[in-house]
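Novice: Sharing model_5.txt (compact mmCIF, C-alpha atoms) below.
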```txt
# COMPACT_ATOMS: atom_id res chain seq x y z
CA MET A 1 112.26 -10.44 -9.36
CA ALA A 2 109.51 -10.01 -11.89
CA GLN A 3 110.45 -7.73 -14.78
CA ASP A 4 107.43 -5.49 -14.32
CA GLN A 5 108.10 -4.82 -10.61
CA ARG A 6 109.01 -1.26 -9.61
CA THR A 7 112.50 -0.67 -8.23
CA ASP A 8 112.01 2.95 -7.10
CA PHE A 9 109.62 2.15 -4.25
CA VAL A 10 110.04 3.63 -0.76
CA THR A 11 111.55 1.21 1.76
CA ASP A 12 109.88 0.72 5.13
CA ALA A 13 112.62 2.59 7.01
CA ASP A 14 112.59 5.52 4.58
CA TYR A 15 108.80 5.66 4.81
CA PHE A 16 108.73 5.65 8.62
CA MET A 17 111.37 8.37 8.90
CA ALA A 18 109.57 10.39 6.22
CA VAL A 19 106.40 10.18 8.34
CA ALA A 20 108.42 11.46 11.32
CA VAL A 21 109.77 14.33 9.19
CA LEU A 22 106.28 15.14 7.92
CA SER A 23 104.94 15.03 11.49
CA ALA A 24 107.61 17.55 12.53
CA LYS A 25 106.17 19.99 9.98
CA ARG A 26 103.05 20.23 12.19
CA SER A 27 105.01 21.88 15.02
CA HIS A 28 104.39 25.56 15.78
CA ASP A 29 107.84 25.89 17.38
CA PRO A 30 109.72 28.60 15.43
CA ASN A 31 113.13 27.12 16.29
CA THR A 32 113.02 23.33 16.53
CA GLN A 33 110.49 21.09 14.85
CA VAL A 34 110.60 17.44 15.94
CA GLY A 35 108.54 14.53 14.69
CA ALA A 36 108.19 10.91 15.75
CA CYS A 37 106.68 7.78 14.22
CA LEU A 38 105.98 4.69 16.32
CA VAL A 39 106.04 1.37 14.46
CA ASN A 40 104.98 -2.03 15.80
CA GLN A 41 106.52 -5.46 15.17
CA ASP A 42 104.32 -5.92 12.09
CA ASN A 43 105.77 -2.76 10.49
CA LYS A 44 102.52 -0.86 11.03
CA ILE A 45 102.45 2.73 12.23
CA VAL A 46 100.65 2.87 15.56
CA GLY A 47 101.31 6.49 16.50
CA THR A 48 102.83 9.76 15.38
CA GLY A 49 103.69 12.92 17.24
CA HIS A 50 105.30 16.33 16.98
CA ASN A 51 106.49 18.83 19.57
CA CYS A 52 103.63 21.06 20.64
CA MET A 53 102.06 22.70 23.64
CA PRO A 54 99.60 20.68 25.76
CA ASN A 55 96.06 20.41 24.45
CA GLY A 56 94.16 23.65 24.99
CA CYS A 57 97.37 25.64 25.58
CA GLU A 58 98.56 26.30 22.02
CA GLY A 59 98.90 30.02 21.44
CA LYS A 60 98.74 30.71 25.19
CA LEU A 61 102.28 29.67 26.17
CA PRO A 62 105.63 31.05 25.00
CA TRP A 63 107.89 29.43 22.39
CA ASN A 64 110.82 31.54 23.66
CA ARG A 65 114.16 30.00 24.50
CA ILE A 66 115.85 33.21 25.58
CA GLU A 67 117.58 33.73 28.92
CA GLY A 68 115.42 34.85 31.80
CA ASP A 69 112.54 33.55 33.87
CA LYS A 70 111.91 29.83 33.25
CA LEU A 71 108.17 30.53 33.16
CA ASP A 72 108.73 32.63 30.05
CA LYS A 73 110.49 29.84 28.13
CA LYS A 74 109.07 26.92 26.19
CA HIS A 75 111.11 24.15 27.81
CA ILE A 76 108.95 23.58 30.87
CA TYR A 77 105.71 23.53 28.87
CA VAL A 78 106.30 21.78 25.54
CA CYS A 79 105.21 18.18 24.95
CA HIS A 80 107.91 16.41 22.97
CA ALA A 81 107.21 14.42 19.81
CA GLU A 82 108.11 11.10 21.48
CA LEU A 83 105.59 11.70 24.28
CA ASN A 84 102.88 12.57 21.78
CA ALA A 85 103.58 9.50 19.62
CA ILE A 86 103.32 7.21 22.67
CA VAL A 87 100.19 8.92 24.00
CA ASN A 88 98.56 8.98 20.56
CA ALA A 89 99.26 5.25 20.13
CA SER A 90 98.22 4.13 23.60
CA ALA A 91 94.53 4.72 22.90
CA ASN A 92 94.54 2.17 20.08
CA ALA A 93 97.62 -0.03 20.39
CA ASP A 94 100.09 -1.66 22.73
CA VAL A 95 103.41 0.13 22.24
CA LYS A 96 105.55 -2.52 23.93
CA GLY A 97 108.13 -3.79 21.45
CA CYS A 98 107.65 -0.88 19.04
CA THR A 99 110.41 1.05 17.27
CA MET A 100 110.53 4.83 17.56
CA TYR A 101 111.62 6.78 14.46
CA VAL A 102 112.40 10.32 15.56
CA THR A 103 113.96 13.32 13.85
CA LEU A 104 116.01 14.43 16.90
CA PHE A 105 117.75 12.15 19.40
CA PRO A 106 115.51 11.83 22.48
CA CYS A 107 116.26 13.89 25.58
CA ASN A 108 116.55 12.32 29.03
CA GLU A 109 112.83 12.81 29.77
CA CYS A 110 111.83 11.11 26.52
CA ALA A 111 114.32 8.29 27.16
CA LYS A 112 112.49 7.58 30.41
CA LEU A 113 109.19 7.37 28.52
CA ILE A 114 110.72 5.11 25.86
CA ILE A 115 112.09 2.76 28.51
CA GLN A 116 108.92 2.70 30.61
CA ALA A 117 106.75 2.11 27.53
CA GLY A 118 108.85 -0.94 26.60
CA LEU A 119 110.00 0.25 23.19
CA LYS A 120 112.62 -1.99 21.58
CA GLU A 121 114.64 0.47 19.47
CA VAL A 122 115.19 4.14 18.65
CA VAL A 123 116.10 5.26 15.13
CA TYR A 124 117.06 8.93 14.98
CA LEU A 125 117.82 11.35 12.17
CA CYS A 126 119.86 14.01 14.00
CA ASP A 127 121.92 14.12 17.21
CA LYS A 128 122.79 17.82 17.29
CA TYR A 129 122.68 18.01 21.10
CA HIS A 130 125.00 15.03 21.64
CA ASP A 131 127.26 17.00 24.03
CA THR A 132 124.49 18.12 26.41
CA PRO A 133 123.95 16.50 29.81
CA GLU A 134 120.37 15.63 28.77
CA THR A 135 121.47 13.63 25.73
CA LYS A 136 124.33 11.99 27.60
CA ALA A 137 121.88 10.96 30.34
CA SER A 138 119.48 9.69 27.69
CA LYS A 139 122.13 7.47 26.10
CA LYS A 140 123.24 6.24 29.52
CA MET A 141 119.69 5.18 30.44
CA LEU A 142 118.97 3.61 27.04
CA ASP A 143 122.23 1.65 27.30
CA MET A 144 121.37 0.46 30.83
CA ALA A 145 117.91 -0.60 29.65
CA MET A 146 119.52 -2.33 26.66
CA ILE A 147 117.44 -0.39 24.15
CA PRO A 148 119.53 0.06 21.01
CA TYR A 149 119.60 3.37 19.18
CA ARG A 150 121.03 4.06 15.77
CA ARG A 151 121.36 6.89 13.34
CA PHE A 152 119.01 6.60 10.38
CA VAL A 153 120.64 5.81 7.04
CA HIS A 154 118.38 6.58 4.11
CA THR A 155 118.26 4.72 0.84
CA MET A 156 116.52 7.64 -0.89
CA PRO A 157 117.90 11.16 -0.46
CA GLN A 158 114.48 12.71 -0.94
CA ILE A 159 110.85 11.67 -0.87
CA ALA A 160 108.61 14.17 -2.62
CA ILE A 161 104.90 14.32 -1.98
CA ASP A 162 102.73 16.02 -4.53
CA LEU A 163 99.20 16.84 -3.48
CA PRO A 164 97.39 16.99 -6.80
CA PHE A 165 94.28 19.07 -7.17
CA ILE A 166 91.35 16.79 -7.83
CA GLU A 167 88.24 18.40 -9.17
CA THR A 168 85.01 17.28 -7.66
CA PRO A 169 81.60 18.02 -9.02
CA ASP A 170 79.91 20.99 -7.41
CA GLU A 171 77.46 19.51 -4.93
CA ASN A 172 75.20 22.55 -5.21
CA ALA A 173 74.85 22.38 -9.01
```
Take the structure in the file and write it out as structure tokens.
Specialist:
Amino acid sequence: MAQDQRTDFVTDADYFMAVAVLSAKRSHDPNTQVGACLVNQDNKIVGTGHNCMPNGCEGKLPWNRIEGDKLDKKHIYVCHAELNAIVNASANADVKGCTMYVTLFPCNECAKLIIQAGLKEVVYLCDKYHDTPETKASKKMLDMAMIPYRRFVHTMPQIAIDLPFIETPDENA
């Protein structure tokens, strides 16, 4: 290695998961923010997504997860981060063979999308719902489809992003 080369650079895996974490910050969900980053075989990001309401419905549908009428809860309306990453990528790229970096282990519905889209791997940050039927079904389907999934292991505990203020000349002056 050349002496003048940096050693504190961000690895590909850390970068892709950081993009998923940053994407999650876009979610309006007050309880669970999920982000996803879709990466092709050339280590290029082809899509990102976060959990949100369908286009045109934000602010018009509930984010509740309380007991009661299903129509008053978020679960039947929300578009998951994995869905959005695949849909956002499909306009510009073939997602077959891509790796999904996601902040929360995919549910059974997202596992179906991952399988049908032909993704090759899932890298997840958190598996807090591992005991639910949805996650168990997800793992069962991913195993049957021979799509490996693994917990993300970071090499950097934190990636900080500073957004410096850059003065620009006043265009009206």
Novice: Could you state the separation of atom CA of A:Lys140 and atom CA of A:Met100 in Å, given to one decimal place?
Specialist: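 Calculated distance between atom CA of A:Lys140 and atom CA of A:Met100 is 17.5 Å.
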Novice: Figure out the distance between atom CA of A:Trp63 and atom CA of A:Asp29, please, to one decimal in Å.
Specialist: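 Straight-line distance from atom CA of A:Asp29 to atom CA of A:Trp63 works out to 6.1 Å.
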Novice: Build an axis-aligned box that encloses every atom of stretch 92-110 of chain A listed in the file, pad it by 4 Å on each side, and report its centre and edge lengths in Å to one decimal, as AutoDock Vina command-line options.
Specialist:
```
--center_x 106.1 --center_y 5.3 --center_z 21.8 --size_x 31.2 --size_y 26.2 --size_z 23.9
```
Novice: Grab the atom CA of A:Gln41 to atom CA of A:Thr11 distance for me, in Å with one decimal place.
Specialist: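 For atom CA of A:Gln41 relative to atom CA of A:Thr11, the distance reads 15.8 Å.
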Novice: Extract, using only C-alpha atoms, all DNA, RNA and protein residues at most 10 Å from A:Leu22, discarding same-chain residues fewer than 6 positions from it, and format them as a compact mmCIF listing (two decimals) with C-alpha atoms, keeping the file's coordinate frame.
Specialist:
```
# COMPACT_ATOMS: atom_id res chain seq x y z
CA PHE A 16 108.73 5.65 8.62
CA VAL A 34 110.60 17.44 15.94
CA GLY A 35 108.54 14.53 14.69
CA ALA A 36 108.19 10.91 15.75
CA CYS A 37 106.68 7.78 14.22
CA THR A 48 102.83 9.76 15.38
CA GLY A 49 103.69 12.92 17.24
CA HIS A 50 105.30 16.33 16.98
CA THR A 103 113.96 13.32 13.85
```
Novice: Mind checking which residues fall within 12 Å of A:Ile76, counting all atoms listed in the file, ignoring those fewer than 4 positions away in the same chain, and posting them as a list in words?
Specialist: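 These residues fall inside the cut-off: Cys52, Met53, Pro54, Leu61, Pro62, Trp63, Asn64, Arg65, Asp69, Lys70, Leu71, Asp72, His80 and Glu109 of chain A.
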Novice: Convert the current residue selection to file output with C-alpha atoms, as a compact mmCIF listing (two decimals), in the frame of the given file.
Specialist:
```txt
# COMPACT_ATOMS: atom_id res chain seq x y z
CA CYS A 52 103.63 21.06 20.64
CA MET A 53 102.06 22.70 23.64
CA PRO A 54 99.60 20.68 25.76
CA LEU A 61 102.28 29.67 26.17
CA PRO A 62 105.63 31.05 25.00
CA TRP A 63 107.89 29.43 22.39
CA ASN A 64 110.82 31.54 23.66
CA ARG A 65 114.16 30.00 24.50
CA ASP A 69 112.54 33.55 33.87
CA LYS A 70 111.91 29.83 33.25
CA LEU A 71 108.17 30.53 33.16
CA ASP A 72 108.73 32.63 30.05
CA HIS A 80 107.91 16.41 22.97
CA GLU A 109 112.83 12.81 29.77
```
Novice: Within 10 Å of stretch 81-98 of chain A, counting only C-alpha atoms, which residues show up once you throw out same-chain ones fewer than 4 positions away? Write them as a ChimeraX atom specification, please.
Specialist: /A:20,23-24,27,33-52,54,102-107,109-111,113-122
Novice: Keeping C-alpha atoms for every residue in the selection just given, could you write it to a file as a compact mmCIF listing (two decimals), in the coordinates of the input?
Specialist:
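As a result, selection.txt now contains:
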```
# COMPACT_ATOMS: atom_id res chain seq x y z
CA ALA A 20 108.42 11.46 11.32
CA SER A 23 104.94 15.03 11.49
CA ALA A 24 107.61 17.55 12.53
CA SER A 27 105.01 21.88 15.02
CA GLN A 33 110.49 21.09 14.85
CA VAL A 34 110.60 17.44 15.94
CA GLY A 35 108.54 14.53 14.69
CA ALA A 36 108.19 10.91 15.75
CA CYS A 37 106.68 7.78 14.22
CA LEU A 38 105.98 4.69 16.32
CA VAL A 39 106.04 1.37 14.46
CA ASN A 40 104.98 -2.03 15.80
CA GLN A 41 106.52 -5.46 15.17
CA ASP A 42 104.32 -5.92 12.09
CA ASN A 43 105.77 -2.76 10.49
CA LYS A 44 102.52 -0.86 11.03
CA ILE A 45 102.45 2.73 12.23
CA VAL A 46 100.65 2.87 15.56
CA GLY A 47 101.31 6.49 16.50
CA THR A 48 102.83 9.76 15.38
CA GLY A 49 103.69 12.92 17.24
CA HIS A 50 105.30 16.33 16.98
CA ASN A 51 106.49 18.83 19.57
CA CYS A 52 103.63 21.06 20.64
CA PRO A 54 99.60 20.68 25.76
CA VAL A 102 112.40 10.32 15.56
CA THR A 103 113.96 13.32 13.85
CA LEU A 104 116.01 14.43 16.90
CA PHE A 105 117.75 12.15 19.40
CA PRO A 106 115.51 11.83 22.48
CA CYS A 107 116.26 13.89 25.58
CA GLU A 109 112.83 12.81 29.77
CA CYS A 110 111.83 11.11 26.52
CA ALA A 111 114.32 8.29 27.16
CA LEU A 113 109.19 7.37 28.52
CA ILE A 114 110.72 5.11 25.86
CA ILE A 115 112.09 2.76 28.51
CA GLN A 116 108.92 2.70 30.61
CA ALA A 117 106.75 2.11 27.53
CA GLY A 118 108.85 -0.94 26.60
CA LEU A 119 110.00 0.25 23.19
CA LYS A 120 112.62 -1.99 21.58
CA GLU A 121 114.64 0.47 19.47
CA VAL A 122 115.19 4.14 18.65
```
Novice: From the options A:Leu125, A:Val19, A:Ile66, A:Cys79, which residue's atoms come nearest to A:His154, counting all atoms listed in the file?
Specialist: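 The closest residue to A:His154 is A:Leu125.
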Novice: What's around A:Val123 at 6 Å? Count only C-alpha atoms, leave out sequence neighbours fewer than 2 positions away in its own chain, and write the answer as a list of chain:residue names.
Specialist: A:Tyr101, A:Tyr149, A:Arg150, A:Arg151, A:Phe152
Novice: Please determine, counting only C-alpha atoms, which residue among A:Thr32, A:Thr168, A:Thr132, A:Ser138 has the shortest atom-to-atom distance to A:Lys112.
Specialist: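 Under the stated criterion, the closest residue is A:Ser138.
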Novice: Which residue is closest to A:Met141? Choose from A:Ile166, A:Asn108, A:Lys128, A:Tyr77 and count all atoms listed in the file.
Specialist: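 So, comparing all the options, the nearest one is A:Asn108.
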Novice: Between A:Val78, A:Glu134, A:Lys139, A:Met144, which one has atoms that come closest to A:Glu58, using all atoms listed in the file?
Specialist: A:Val78
Novice: Ranking A:Thr99, A:Thr135, A:Asn55, A:Thr155 by minimum distance to A:Tyr15 and counting only C-alpha atoms, which one comes first?
Specialist: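 Ranked by minimum distance to A:Tyr15, first place goes to A:Thr155.
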Novice: Of the residues A:Ala137, A:Ile159, A:Ile147, A:Leu142, which is the one nearest to A:Asp8, using only C-alpha atoms?
Specialist: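 Closest to A:Asp8, using only C-alpha atoms: A:Ile159.
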Novice: Reconstruct N, CA, C and O atoms of stretch 83-103 of chain A; output as an mmCIF file, in the frame of the given file.
Specialist:
```cif
data_model
loop_
_atom_site.group_PDB
_atom_site.id
_atom_site.type_symbol
_atom_site.label_atom_id
_atom_site.label_comp_id
_atom_site.auth_asym_id
_atom_site.auth_seq_id
_atom_site.Cartn_x
_atom_site.Cartn_y
_atom_site.Cartn_z
ATOM 1 N N LEU A 83 106.720 11.794 23.355
ATOM 2 C CA LEU A 83 105.590 11.700 24.280
ATOM 3 C C LEU A 83 104.281 11.634 23.509
ATOM 4 O O LEU A 83 103.428 10.780 23.775
ATOM 5 N N ASN A 84 104.120 12.530 22.547
ATOM 6 C CA ASN A 84 102.880 12.570 21.780
ATOM 7 C C ASN A 84 102.672 11.291 20.961
ATOM 8 O O ASN A 84 101.552 10.792 20.866
ATOM 9 N N ALA A 85 103.725 10.743 20.386
ATOM 10 C CA ALA A 85 103.580 9.500 19.620
ATOM 11 C C ALA A 85 103.128 8.359 20.527
ATOM 12 O O ALA A 85 102.246 7.571 20.165
ATOM 13 N N ILE A 86 103.707 8.276 21.725
ATOM 14 C CA ILE A 86 103.320 7.210 22.670
ATOM 15 C C ILE A 86 101.897 7.421 23.150
ATOM 16 O O ILE A 86 101.099 6.478 23.175
ATOM 17 N N VAL A 87 101.551 8.633 23.521
ATOM 18 C CA VAL A 87 100.190 8.920 24.000
ATOM 19 C C VAL A 87 99.176 8.697 22.876
ATOM 20 O O VAL A 87 98.111 8.112 23.099
ATOM 21 N N ASN A 88 99.489 9.146 21.679
ATOM 22 C CA ASN A 88 98.560 8.980 20.560
ATOM 23 C C ASN A 88 98.361 7.509 20.220
ATOM 24 O O ASN A 88 97.293 7.106 19.760
ATOM 25 N N ALA A 89 99.371 6.684 20.430
ATOM 26 C CA ALA A 89 99.260 5.250 20.130
ATOM 27 C C ALA A 89 98.552 4.502 21.237
ATOM 28 O O ALA A 89 97.853 3.526 20.977
ATOM 29 N N SER A 90 98.710 4.933 22.477
ATOM 30 C CA SER A 90 98.220 4.130 23.600
ATOM 31 C C SER A 90 96.708 3.957 23.601
ATOM 32 O O SER A 90 96.204 2.996 24.164
ATOM 33 N N ALA A 91 95.982 4.854 22.955
ATOM 34 C CA ALA A 91 94.530 4.720 22.900
ATOM 35 C C ALA A 91 94.107 3.539 22.023
ATOM 36 O O ALA A 91 93.056 2.946 22.235
ATOM 37 N N ASN A 92 94.931 3.194 21.050
ATOM 38 C CA ASN A 92 94.540 2.170 20.080
ATOM 39 C C ASN A 92 95.458 0.957 20.028
ATOM 40 O O ASN A 92 95.091 -0.047 19.439
ATOM 41 N N ALA A 93 96.653 1.044 20.597
ATOM 42 C CA ALA A 93 97.620 -0.030 20.390
ATOM 43 C C ALA A 93 98.541 -0.190 21.589
ATOM 44 O O ALA A 93 98.781 0.752 22.332
ATOM 45 N N ASP A 94 99.064 -1.389 21.737
ATOM 46 C CA ASP A 94 100.090 -1.660 22.730
ATOM 47 C C ASP A 94 101.423 -1.234 22.116
ATOM 48 O O ASP A 94 101.770 -1.674 21.021
ATOM 49 N N VAL A 95 102.161 -0.379 22.800
ATOM 50 C CA VAL A 95 103.410 0.130 22.240
ATOM 51 C C VAL A 95 104.617 -0.711 22.627
ATOM 52 O O VAL A 95 105.712 -0.481 22.112
ATOM 53 N N LYS A 96 104.432 -1.672 23.508
ATOM 54 C CA LYS A 96 105.550 -2.520 23.930
ATOM 55 C C LYS A 96 106.136 -3.233 22.715
ATOM 56 O O LYS A 96 105.409 -3.812 21.912
ATOM 57 N N GLY A 97 107.459 -3.146 22.570
ATOM 58 C CA GLY A 97 108.130 -3.790 21.450
ATOM 59 C C GLY A 97 108.178 -2.959 20.182
ATOM 60 O O GLY A 97 108.696 -3.415 19.165
ATOM 61 N N CYS A 98 107.658 -1.745 20.230
ATOM 62 C CA CYS A 98 107.650 -0.880 19.040
ATOM 63 C C CYS A 98 109.025 -0.224 18.845
ATOM 64 O O CYS A 98 109.833 -0.138 19.757
ATOM 65 N N THR A 99 109.230 0.264 17.626
ATOM 66 C CA THR A 99 110.410 1.050 17.270
ATOM 67 C C THR A 99 109.992 2.497 17.109
ATOM 68 O O THR A 99 108.958 2.784 16.495
ATOM 69 N N MET A 100 110.791 3.401 17.671
ATOM 70 C CA MET A 100 110.530 4.830 17.560
ATOM 71 C C MET A 100 111.458 5.425 16.496
ATOM 72 O O MET A 100 112.684 5.335 16.613
ATOM 73 N N TYR A 101 110.881 5.985 15.447
ATOM 74 C CA TYR A 101 111.620 6.780 14.460
ATOM 75 C C TYR A 101 111.423 8.225 14.868
ATOM 76 O O TYR A 101 110.284 8.685 15.014
ATOM 77 N N VAL A 102 112.508 8.959 15.065
ATOM 78 C CA VAL A 102 112.400 10.320 15.560
ATOM 79 C C VAL A 102 113.445 11.192 14.872
ATOM 80 O O VAL A 102 114.545 10.740 14.575
ATOM 81 N N THR A 103 113.072 12.438 14.608
ATOM 82 C CA THR A 103 113.960 13.320 13.850
ATOM 83 C C THR A 103 115.110 13.873 14.688
ATOM 84 O O THR A 103 116.130 14.266 14.136
#
```
